[in-house]
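Trainee: What follows is a structure written as structure tokens; I'll ask about it next.
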Amino acid sequence: MFRFIASIGLIVVMNMSVPCEAEKRPVPRRDAFFGLHFDLHPNQNDTSLGADITEDMIDRLLTRVRPDYVQYDCKGHAGYTGYPTEIGWPSPGIVKDSLAIWRKVTKEHGVGLYIHYSGVWDSVAVEHHPEWARLDAEGKVDPNATSVFGRYIDELLIPQLKEVVSKYDLDGLWVDGECWATKLDYSPAALEAWKKETGLDIAPKDRSEPNWLEWKMFHRRHYEDYLCRWVDALHAFRPNLQITSNWMYSTLAPLPVRARLDYLSGDYSPGLSVDRARVEARYLASTGMPWDLMAWGFDKGQKLDWSLKTPVHLQQESAVVLMQGGGFQIYNNPTRSGYLPDAMIETLGQVSDFCRERKEAGFKSRTVPQVAVLLSAETIWDRSDNVFSPWGCYDELEGALHALLELHYSVDVLAEYQLEPRLNEFPLVVVPDCYKLPEDFKNTLLRYVENGGSLLLMGEKCARLFEPHLGVTFEGEPKEIRAELACNAAIGGIAGIANANGIWQKVVPTEAVAVGYRYPTRDTRKDGEVASTVVPFGKGKIGAVYGPLALDFFRSHHPYLRECVREIVDPLFQNPAVEIDGPPCIDVALRRTRDGRLSVHLLNVANAPHVDRYGIIDFIPEVGPIGVKIRTEEKPKAISWVPDGGKIRWTWKDGMVTATIPNLHIHGVLIVE
């Protein structure tokens, strides 16, 4: 069935016996804080895999960086393995058995060894077994994606994973190319399952045809069935094996956790690193699962190849994750022969030092609920025409999040299933411009407001879902128009306006109070229309913006648009538990440490990298002094600053701590004892 490579050069063979009691035990993944990831995606053109790997090099890395685990290359998207497999296709370029050497030295250091393994995406498997492939809507074989309805899982994936786990006594698996690489499948097996479940002979090919949403949901269910099957098989084979599937149960797949994964993980964008991590960390922190996020240790500019990021750059990325309680790992590529340059090792060491100085204050912390931003899974399932890769569908969510963070609110991101049981914990719930919500959830939101909560609807689509309760009359249909938003707040001593073109709904207040206005030109003396309102509802309030304020902020980050958000949030959320007097480049997270101490995380995102021309940074300007106010019922015993333990000037009066942070470079934590 398989093509084997007989001549693969010099192979290092090692005794993979069970470790003796004297050996150090690796940290379980649920407790792992800092890790390293190396992958090469071996291919048929490789000639030197493992040639430059030495025990001394790995020893220097582990001694300097002190990771809790290492994830090393095994099988990438091309489908070739970097180890001498007897199941499947080893790369012809194997010179030394890299995994064997990594296993030996990681055991000596008590460091867990995981593998990077590509699942659904396996190009060479499809090349040799086209019957394993996913078929597109025209019946053509996908050159990369296997079918989750086919025999690939039983004839290659599960047997090969069992082989590599046994051969190298692995601690765990980080399986890539899975949910996000799965595609709508028109293979005979998929269509047979579709007919069995629905009774339908025909599957739709695009959203213009009937049953399009159900066709997508069918694939989402069956991918999860596939995932559960191989995860359960590997757990049955090796009960202590620690397993994840990259990006599953993240914002890419906002489902309740069903598969028996041991932890959640994802590698966010190398270029849009800080912004993507700001969303992903806040969502994963709400899953209740152990989790980490992976930064790429390199990026590139236009028409350039990859270059290593600097320690400062990666420290800023890491802080986004640390301030939400997660673990952090860094992905780097060794050379094709496996060599790790000294510059890479030292960079990783400096980032590790930075993270570990903050571990006690941040790792496994939990949120103190303030503002919840809804990630509407119901809308995403309909809006995205992929199985589990809704890229481009979260612009409104990110715009709302960024504006709230620049206004110094502590924000969590939750899907409907996460938010519904916790609604009453949050003083303010923000719904970006989604157009579908489950009816039960919508009613639950209204009860939440009736009982005293505040709800902010940011966009004409989500406002329309609550039309009877907004105290306004909708006139006509929403239209694409030119709009200028007036802002009362003074920036640089100027109360100004900002463009907010897009789809706006005309409304006339009946019971609601107008908060913001839009104009067809910059002449705010005439032709104004209501842009946003607030209305009492029961014991609470509902605010609504009738146009694309969140989307426009995402696209421009104009300060006046941010201040327009402030003007509608202020009457909805008047007494936040923490307030910051500082520039908008400071992100805030109000948390409790593992041992229950109140903590305020401050992150400086100034000079955060942006793609194409400012991809890698080496300087982040300090900001300060920063005023902090924290509401506490009792006077604290002490207040300290992490990481350096410096003295903080503070007072407490009438339930309010007032403190001053002299300066902030990248990240620090105010701990209230």
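Convention: chains lettered A, B, ... in structure tokens order; per-chain residue numbering from 1; ligands numbered from 1 as shown.
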Using only C-alpha atoms, tabulate the residues of range 416-498 of chain A lying at most 10 Å from any atom of range 252-264 of chain A, each with its closest atom pair and that distance in Å to one decimal, by chain and increasing residue number, as JSON lines.

Mentor:
```
{"residue": "A:Glu416", "atom": "CA", "partner": "A:Pro254", "partner_atom": "CA", "distance": 9.1}
{"residue": "A:Tyr417", "atom": "CA", "partner": "A:Pro256", "partner_atom": "CA", "distance": 7.1}
{"residue": "A:Gln418", "atom": "CA", "partner": "A:Pro256", "partner_atom": "CA", "distance": 8.1}
```

Trainee: Could you list, as a PDB file with all heavy atoms, in the first residue's frame, every residue within 8 Å of range 201-213 of chain A, counting only C-alpha atoms and ignoring same-chain residues fewer than 5 positions away?

Mentor:
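around36.pdb, written as the output of this step:
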```pdb
ATOM      1  N   ALA A 137     -16.405  20.774  -5.307  1.00  0.00           N
ATOM      2  CA  ALA A 137     -17.792  20.766  -5.785  1.00  0.00           C
ATOM      3  C   ALA A 137     -17.905  20.274  -7.221  1.00  0.00           C
ATOM      4  O   ALA A 137     -18.987  19.838  -7.645  1.00  0.00           O
ATOM      5  CB  ALA A 137     -18.390  22.164  -5.667  1.00  0.00           C
ATOM      6  N   TYR A 186     -17.169  16.765  -1.341  1.00  0.00           N
ATOM      7  CA  TYR A 186     -18.176  16.171  -2.221  1.00  0.00           C
ATOM      8  C   TYR A 186     -17.764  14.763  -2.645  1.00  0.00           C
ATOM      9  O   TYR A 186     -18.181  14.273  -3.689  1.00  0.00           O
ATOM     10  CB  TYR A 186     -18.384  17.067  -3.444  1.00  0.00           C
ATOM     11  CG  TYR A 186     -18.961  18.420  -3.086  1.00  0.00           C
ATOM     12  CD1 TYR A 186     -18.142  19.446  -2.619  1.00  0.00           C
ATOM     13  CD2 TYR A 186     -20.326  18.680  -3.190  1.00  0.00           C
ATOM     14  CE1 TYR A 186     -18.663  20.693  -2.272  1.00  0.00           C
ATOM     15  CE2 TYR A 186     -20.853  19.918  -2.851  1.00  0.00           C
ATOM     16  CZ  TYR A 186     -20.014  20.918  -2.395  1.00  0.00           C
ATOM     17  OH  TYR A 186     -20.531  22.150  -2.050  1.00  0.00           O
ATOM     18  N   LEU A 191     -21.050  12.371   0.510  1.00  0.00           N
ATOM     19  CA  LEU A 191     -22.409  12.489  -0.026  1.00  0.00           C
ATOM     20  C   LEU A 191     -23.310  11.373   0.484  1.00  0.00           C
ATOM     21  O   LEU A 191     -24.509  11.574   0.717  1.00  0.00           O
ATOM     22  CB  LEU A 191     -22.354  12.481  -1.557  1.00  0.00           C
ATOM     23  CG  LEU A 191     -21.646  13.687  -2.195  1.00  0.00           C
ATOM     24  CD1 LEU A 191     -21.537  13.514  -3.703  1.00  0.00           C
ATOM     25  CD2 LEU A 191     -22.363  14.987  -1.859  1.00  0.00           C
ATOM     26  N   TRP A 194     -24.282  12.401   3.925  1.00  0.00           N
ATOM     27  CA  TRP A 194     -25.247  13.505   3.802  1.00  0.00           C
ATOM     28  C   TRP A 194     -26.648  12.973   3.510  1.00  0.00           C
ATOM     29  O   TRP A 194     -27.631  13.383   4.148  1.00  0.00           O
ATOM     30  CB  TRP A 194     -24.765  14.451   2.721  1.00  0.00           C
ATOM     31  CG  TRP A 194     -25.727  15.503   2.251  1.00  0.00           C
ATOM     32  CD1 TRP A 194     -26.344  15.554   1.033  1.00  0.00           C
ATOM     33  CD2 TRP A 194     -26.165  16.673   2.957  1.00  0.00           C
ATOM     34  NE1 TRP A 194     -27.130  16.673   0.923  1.00  0.00           N
ATOM     35  CE2 TRP A 194     -27.045  17.379   2.098  1.00  0.00           C
ATOM     36  CE3 TRP A 194     -25.904  17.185   4.216  1.00  0.00           C
ATOM     37  CZ2 TRP A 194     -27.660  18.573   2.467  1.00  0.00           C
ATOM     38  CZ3 TRP A 194     -26.518  18.384   4.589  1.00  0.00           C
ATOM     39  CH2 TRP A 194     -27.379  19.059   3.732  1.00  0.00           C
ATOM     40  N   LYS A 195     -26.730  12.045   2.577  1.00  0.00           N
ATOM     41  CA  LYS A 195     -28.039  11.482   2.225  1.00  0.00           C
ATOM     42  C   LYS A 195     -28.617  10.692   3.396  1.00  0.00           C
ATOM     43  O   LYS A 195     -29.827  10.752   3.678  1.00  0.00           O
ATOM     44  CB  LYS A 195     -27.912  10.592   0.997  1.00  0.00           C
ATOM     45  CG  LYS A 195     -29.251  10.011   0.541  1.00  0.00           C
ATOM     46  CD  LYS A 195     -29.118   9.230  -0.756  1.00  0.00           C
ATOM     47  CE  LYS A 195     -30.483   8.692  -1.184  1.00  0.00           C
ATOM     48  NZ  LYS A 195     -30.402   7.957  -2.470  1.00  0.00           N
ATOM     49  N   TRP A 381     -21.294  30.870  11.796  1.00  0.00           N
ATOM     50  CA  TRP A 381     -21.643  29.637  11.080  1.00  0.00           C
ATOM     51  C   TRP A 381     -22.331  29.962   9.760  1.00  0.00           C
ATOM     52  O   TRP A 381     -22.134  29.280   8.755  1.00  0.00           O
ATOM     53  CB  TRP A 381     -22.560  28.758  11.921  1.00  0.00           C
ATOM     54  CG  TRP A 381     -22.005  28.275  13.218  1.00  0.00           C
ATOM     55  CD1 TRP A 381     -22.676  28.157  14.410  1.00  0.00           C
ATOM     56  CD2 TRP A 381     -20.670  27.812  13.492  1.00  0.00           C
ATOM     57  NE1 TRP A 381     -21.847  27.659  15.387  1.00  0.00           N
ATOM     58  CE2 TRP A 381     -20.616  27.443  14.853  1.00  0.00           C
ATOM     59  CE3 TRP A 381     -19.516  27.680  12.717  1.00  0.00           C
ATOM     60  CZ2 TRP A 381     -19.458  26.948  15.449  1.00  0.00           C
ATOM     61  CZ3 TRP A 381     -18.353  27.190  13.315  1.00  0.00           C
ATOM     62  CH2 TRP A 381     -18.336  26.836  14.648  1.00  0.00           C
ATOM     63  N   ASP A 382     -23.137  30.996   9.753  1.00  0.00           N
ATOM     64  CA  ASP A 382     -23.825  31.378   8.523  1.00  0.00           C
ATOM     65  C   ASP A 382     -22.927  32.203   7.607  1.00  0.00           C
ATOM     66  O   ASP A 382     -22.912  31.995   6.387  1.00  0.00           O
ATOM     67  CB  ASP A 382     -25.087  32.179   8.865  1.00  0.00           C
ATOM     68  CG  ASP A 382     -25.912  32.515   7.633  1.00  0.00           C
ATOM     69  OD1 ASP A 382     -26.566  31.609   7.100  1.00  0.00           O
ATOM     70  OD2 ASP A 382     -25.876  33.682   7.197  1.00  0.00           O
ATOM     71  N   ASP A 385     -18.171  30.674   4.685  1.00  0.00           N
ATOM     72  CA  ASP A 385     -18.453  29.575   3.768  1.00  0.00           C
ATOM     73  C   ASP A 385     -17.372  28.504   3.816  1.00  0.00           C
ATOM     74  O   ASP A 385     -17.310  27.631   2.942  1.00  0.00           O
ATOM     75  CB  ASP A 385     -18.622  30.110   2.344  1.00  0.00           C
ATOM     76  CG  ASP A 385     -19.933  30.867   2.177  1.00  0.00           C
ATOM     77  OD1 ASP A 385     -20.867  30.617   2.960  1.00  0.00           O
ATOM     78  OD2 ASP A 385     -20.014  31.721   1.273  1.00  0.00           O
TER      79      ASP A 385
END
```

Trainee: Which residues are close to Asn144 in chain A, i.e. within 12 Å by only C-alpha atoms, leaving aside same-chain residues fewer than 2 positions away? Reply as a count of residues only.

Mentor: 32

Trainee: Just want the 12 Å neighbourhood of range 640-655 of chain A, counted on only C-alpha atoms, with same-chain residues fewer than 5 positions away dropped. Output as a VMD selection string.

Mentor: chain A and resid 323 353 to 362 577 to 578 597 to 602 625 to 635 660 to 673

Trainee: Do a neighbour search on Pro621 in chain A at 12 Å with only C-alpha atoms, toss out local chain neighbours closer than 2 positions, and write the hits as a list in words.

Mentor: Val312, Gln316, Cys585, Ile586, Asn604, Val605, Ala606, Asn607, Ala608, Ile617, Asp618, Phe619, Val623, Gly624, Asn663, Leu664, His665, Ile666 and His667 of chain A

Trainee: Could you pull the residues within 12 Å of Ile158 in chain A, counting only C-alpha atoms, minus those fewer than 5 positions along the same chain, as a PyMOL selection string?

Mentor: chain A and resi 87-88+117+119-120+151-153+163-165+175+226-237

Trainee: Quick one: DSSP strand (DSSP E or B) residues in range 149-318 of chain A, as a ChimeraX atom specification?

Mentor: /A:172-176,242-245,264-267,291-296,298-299,307-308

Trainee: Please tabulate, as a tab-separated table, the residues of range 214-322 of chain A that come within 10 Å of range 35-49 of chain A, each with its closest pair of atoms and the distance in Å to one decimal, counting only C-alpha atoms and ordering rows by chain, then residue number upward.

Mentor:
```
residue	atom	partner	partner_atom	distance
A:Asp292	CA	A:Gly35	CA	9.2
A:Leu293	CA	A:Gly35	CA	9.9
A:Met294	CA	A:His37	CA	8.2
A:Ala295	CA	A:His37	CA	9.5
A:Trp296	CA	A:His37	CA	9.2
A:Gly297	CA	A:His37	CA	9.6
```

Trainee: Could you write out the selected residues, including C-alpha atoms, as a PDB file, in the first residue's frame?

Mentor:
```pdb
ATOM      1  CA  ASP A 292      -1.526  28.376  25.209  1.00  0.00           C
ATOM      2  CA  LEU A 293      -0.821  30.493  22.168  1.00  0.00           C
ATOM      3  CA  MET A 294       2.136  30.244  19.828  1.00  0.00           C
ATOM      4  CA  ALA A 295       4.001  33.252  18.450  1.00  0.00           C
ATOM      5  CA  TRP A 296       5.991  32.951  15.268  1.00  0.00           C
ATOM      6  CA  GLY A 297       9.592  33.830  16.065  1.00  0.00           C
TER       7      GLY A 297
END
```

Trainee: If you run DSSP over the backbone, which residues in range 156-276 of chain A end up helix (DSSP H, G or I)? Put them as a PyMOL selection string.

Mentor: chain A and resi 156-168+179-181+188-198+212-237+273-276

Trainee: Keeping only C-alpha atoms, write those residues as a CSV table (one decimal), in the first residue's frame.

Mentor:
```csv
chain,number,residue,atom,x,y,z
A,156,LEU,CA,-2.4,6.2,8.0
A,157,LEU,CA,-3.1,8.9,10.7
A,158,ILE,CA,-3.8,6.6,13.7
A,159,PRO,CA,-1.3,3.9,12.9
A,160,GLN,CA,1.5,6.4,12.2
A,161,LEU,CA,0.8,8.4,15.4
A,162,LYS,CA,0.9,5.2,17.4
A,163,GLU,CA,4.2,4.3,15.7
A,164,VAL,CA,5.9,7.6,16.5
A,165,VAL,CA,4.5,7.8,20.0
A,166,SER,CA,5.9,4.3,20.8
A,167,LYS,CA,9.2,4.7,19.1
A,168,TYR,CA,10.1,7.9,20.9
A,179,CYS,CA,-9.9,22.1,11.6
A,180,TRP,CA,-8.7,25.1,9.6
A,181,ALA,CA,-7.5,22.9,6.7
A,188,PRO,CA,-18.8,9.7,-2.4
A,189,ALA,CA,-18.4,8.9,1.3
A,190,ALA,CA,-19.4,12.4,2.3
A,191,LEU,CA,-22.4,12.5,0.0
A,192,GLU,CA,-23.5,9.1,1.2
A,193,ALA,CA,-23.4,10.3,4.8
A,194,TRP,CA,-25.2,13.5,3.8
A,195,LYS,CA,-28.0,11.5,2.2
A,196,LYS,CA,-28.2,9.2,5.2
A,197,GLU,CA,-28.7,12.1,7.6
A,198,THR,CA,-30.9,14.3,5.5
A,212,TRP,CA,-26.3,25.7,2.3
A,213,LEU,CA,-26.1,26.3,6.1
A,214,GLU,CA,-27.0,22.7,6.9
A,215,TRP,CA,-24.4,21.5,4.5
A,216,LYS,CA,-21.7,23.5,6.3
A,217,MET,CA,-23.0,22.4,9.7
A,218,PHE,CA,-22.9,18.8,8.5
A,219,HIS,CA,-19.2,19.1,7.8
A,220,ARG,CA,-18.6,20.8,11.2
A,221,ARG,CA,-20.2,17.9,13.0
A,222,HIS,CA,-18.4,15.3,11.1
A,223,TYR,CA,-15.0,17.0,11.5
A,224,GLU,CA,-15.6,16.8,15.2
A,225,ASP,CA,-16.6,13.1,14.9
A,226,TYR,CA,-13.3,12.5,13.1
A,227,LEU,CA,-11.4,14.4,15.7
A,228,CYS,CA,-13.0,12.5,18.6
A,229,ARG,CA,-12.2,9.2,16.9
A,230,TRP,CA,-8.5,9.7,16.5
A,231,VAL,CA,-8.0,11.4,19.8
A,232,ASP,CA,-9.9,8.6,21.6
A,233,ALA,CA,-7.8,6.0,19.8
A,234,LEU,CA,-4.6,7.6,20.8
A,235,HIS,CA,-5.7,8.1,24.4
A,236,ALA,CA,-6.8,4.4,24.5
A,237,PHE,CA,-3.3,3.5,23.2
A,273,SER,CA,0.6,39.2,16.0
A,274,VAL,CA,-0.5,41.6,18.8
A,275,ASP,CA,-3.9,42.2,17.4
A,276,ARG,CA,-4.7,38.6,16.7
```

Trainee: Write out as an MDAnalysis selection string each polymer residue whose atoms come within 7 Å of Leu485 in chain A, counting only C-alpha atoms; drop sequence neighbours fewer than 4 positions from it.

Mentor: chainID A and resid 497:500 517:519

Trainee: Would you save the residues of that selection, restricted to N, CA and C atoms, as a PDB file, in the first residue's frame?

Mentor:
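result_22.pdb, freshly written:
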```pdb
ATOM      1  N   ILE A 497     -14.460  65.630  14.053  1.00  0.00           N
ATOM      2  CA  ILE A 497     -15.315  64.699  13.341  1.00  0.00           C
ATOM      3  C   ILE A 497     -14.436  63.680  12.634  1.00  0.00           C
ATOM      4  N   ALA A 498     -15.050  62.537  12.300  1.00  0.00           N
ATOM      5  CA  ALA A 498     -14.321  61.486  11.591  1.00  0.00           C
ATOM      6  C   ALA A 498     -15.258  60.802  10.619  1.00  0.00           C
ATOM      7  N   ASN A 499     -14.703  60.371   9.521  1.00  0.00           N
ATOM      8  CA  ASN A 499     -15.507  59.700   8.513  1.00  0.00           C
ATOM      9  C   ASN A 499     -15.926  58.316   8.987  1.00  0.00           C
ATOM     10  N   ALA A 500     -17.184  57.963   8.712  1.00  0.00           N
ATOM     11  CA  ALA A 500     -17.727  56.657   9.085  1.00  0.00           C
ATOM     12  C   ALA A 500     -18.663  56.171   7.988  1.00  0.00           C
ATOM     13  N   TYR A 517     -24.453  61.789  16.681  1.00  0.00           N
ATOM     14  CA  TYR A 517     -25.072  62.228  15.433  1.00  0.00           C
ATOM     15  C   TYR A 517     -24.101  62.032  14.274  1.00  0.00           C
ATOM     16  N   ARG A 518     -24.687  61.793  13.106  1.00  0.00           N
ATOM     17  CA  ARG A 518     -23.915  61.707  11.868  1.00  0.00           C
ATOM     18  C   ARG A 518     -24.399  62.781  10.895  1.00  0.00           C
ATOM     19  N   TYR A 519     -23.475  63.173  10.002  1.00  0.00           N
ATOM     20  CA  TYR A 519     -23.761  64.251   9.050  1.00  0.00           C
ATOM     21  C   TYR A 519     -23.271  63.828   7.668  1.00  0.00           C
TER      22      TYR A 519
END
```

Trainee: Which is closest to Asp570 in chain A among A:Pro84, A:Gly496, A:Ala486, A:Leu428, if we use only C-alpha atoms?

Mentor: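 Nearest candidate to Asp570 in chain A out of A:Pro84, A:Gly496, A:Ala486, A:Leu428: A:Leu428.
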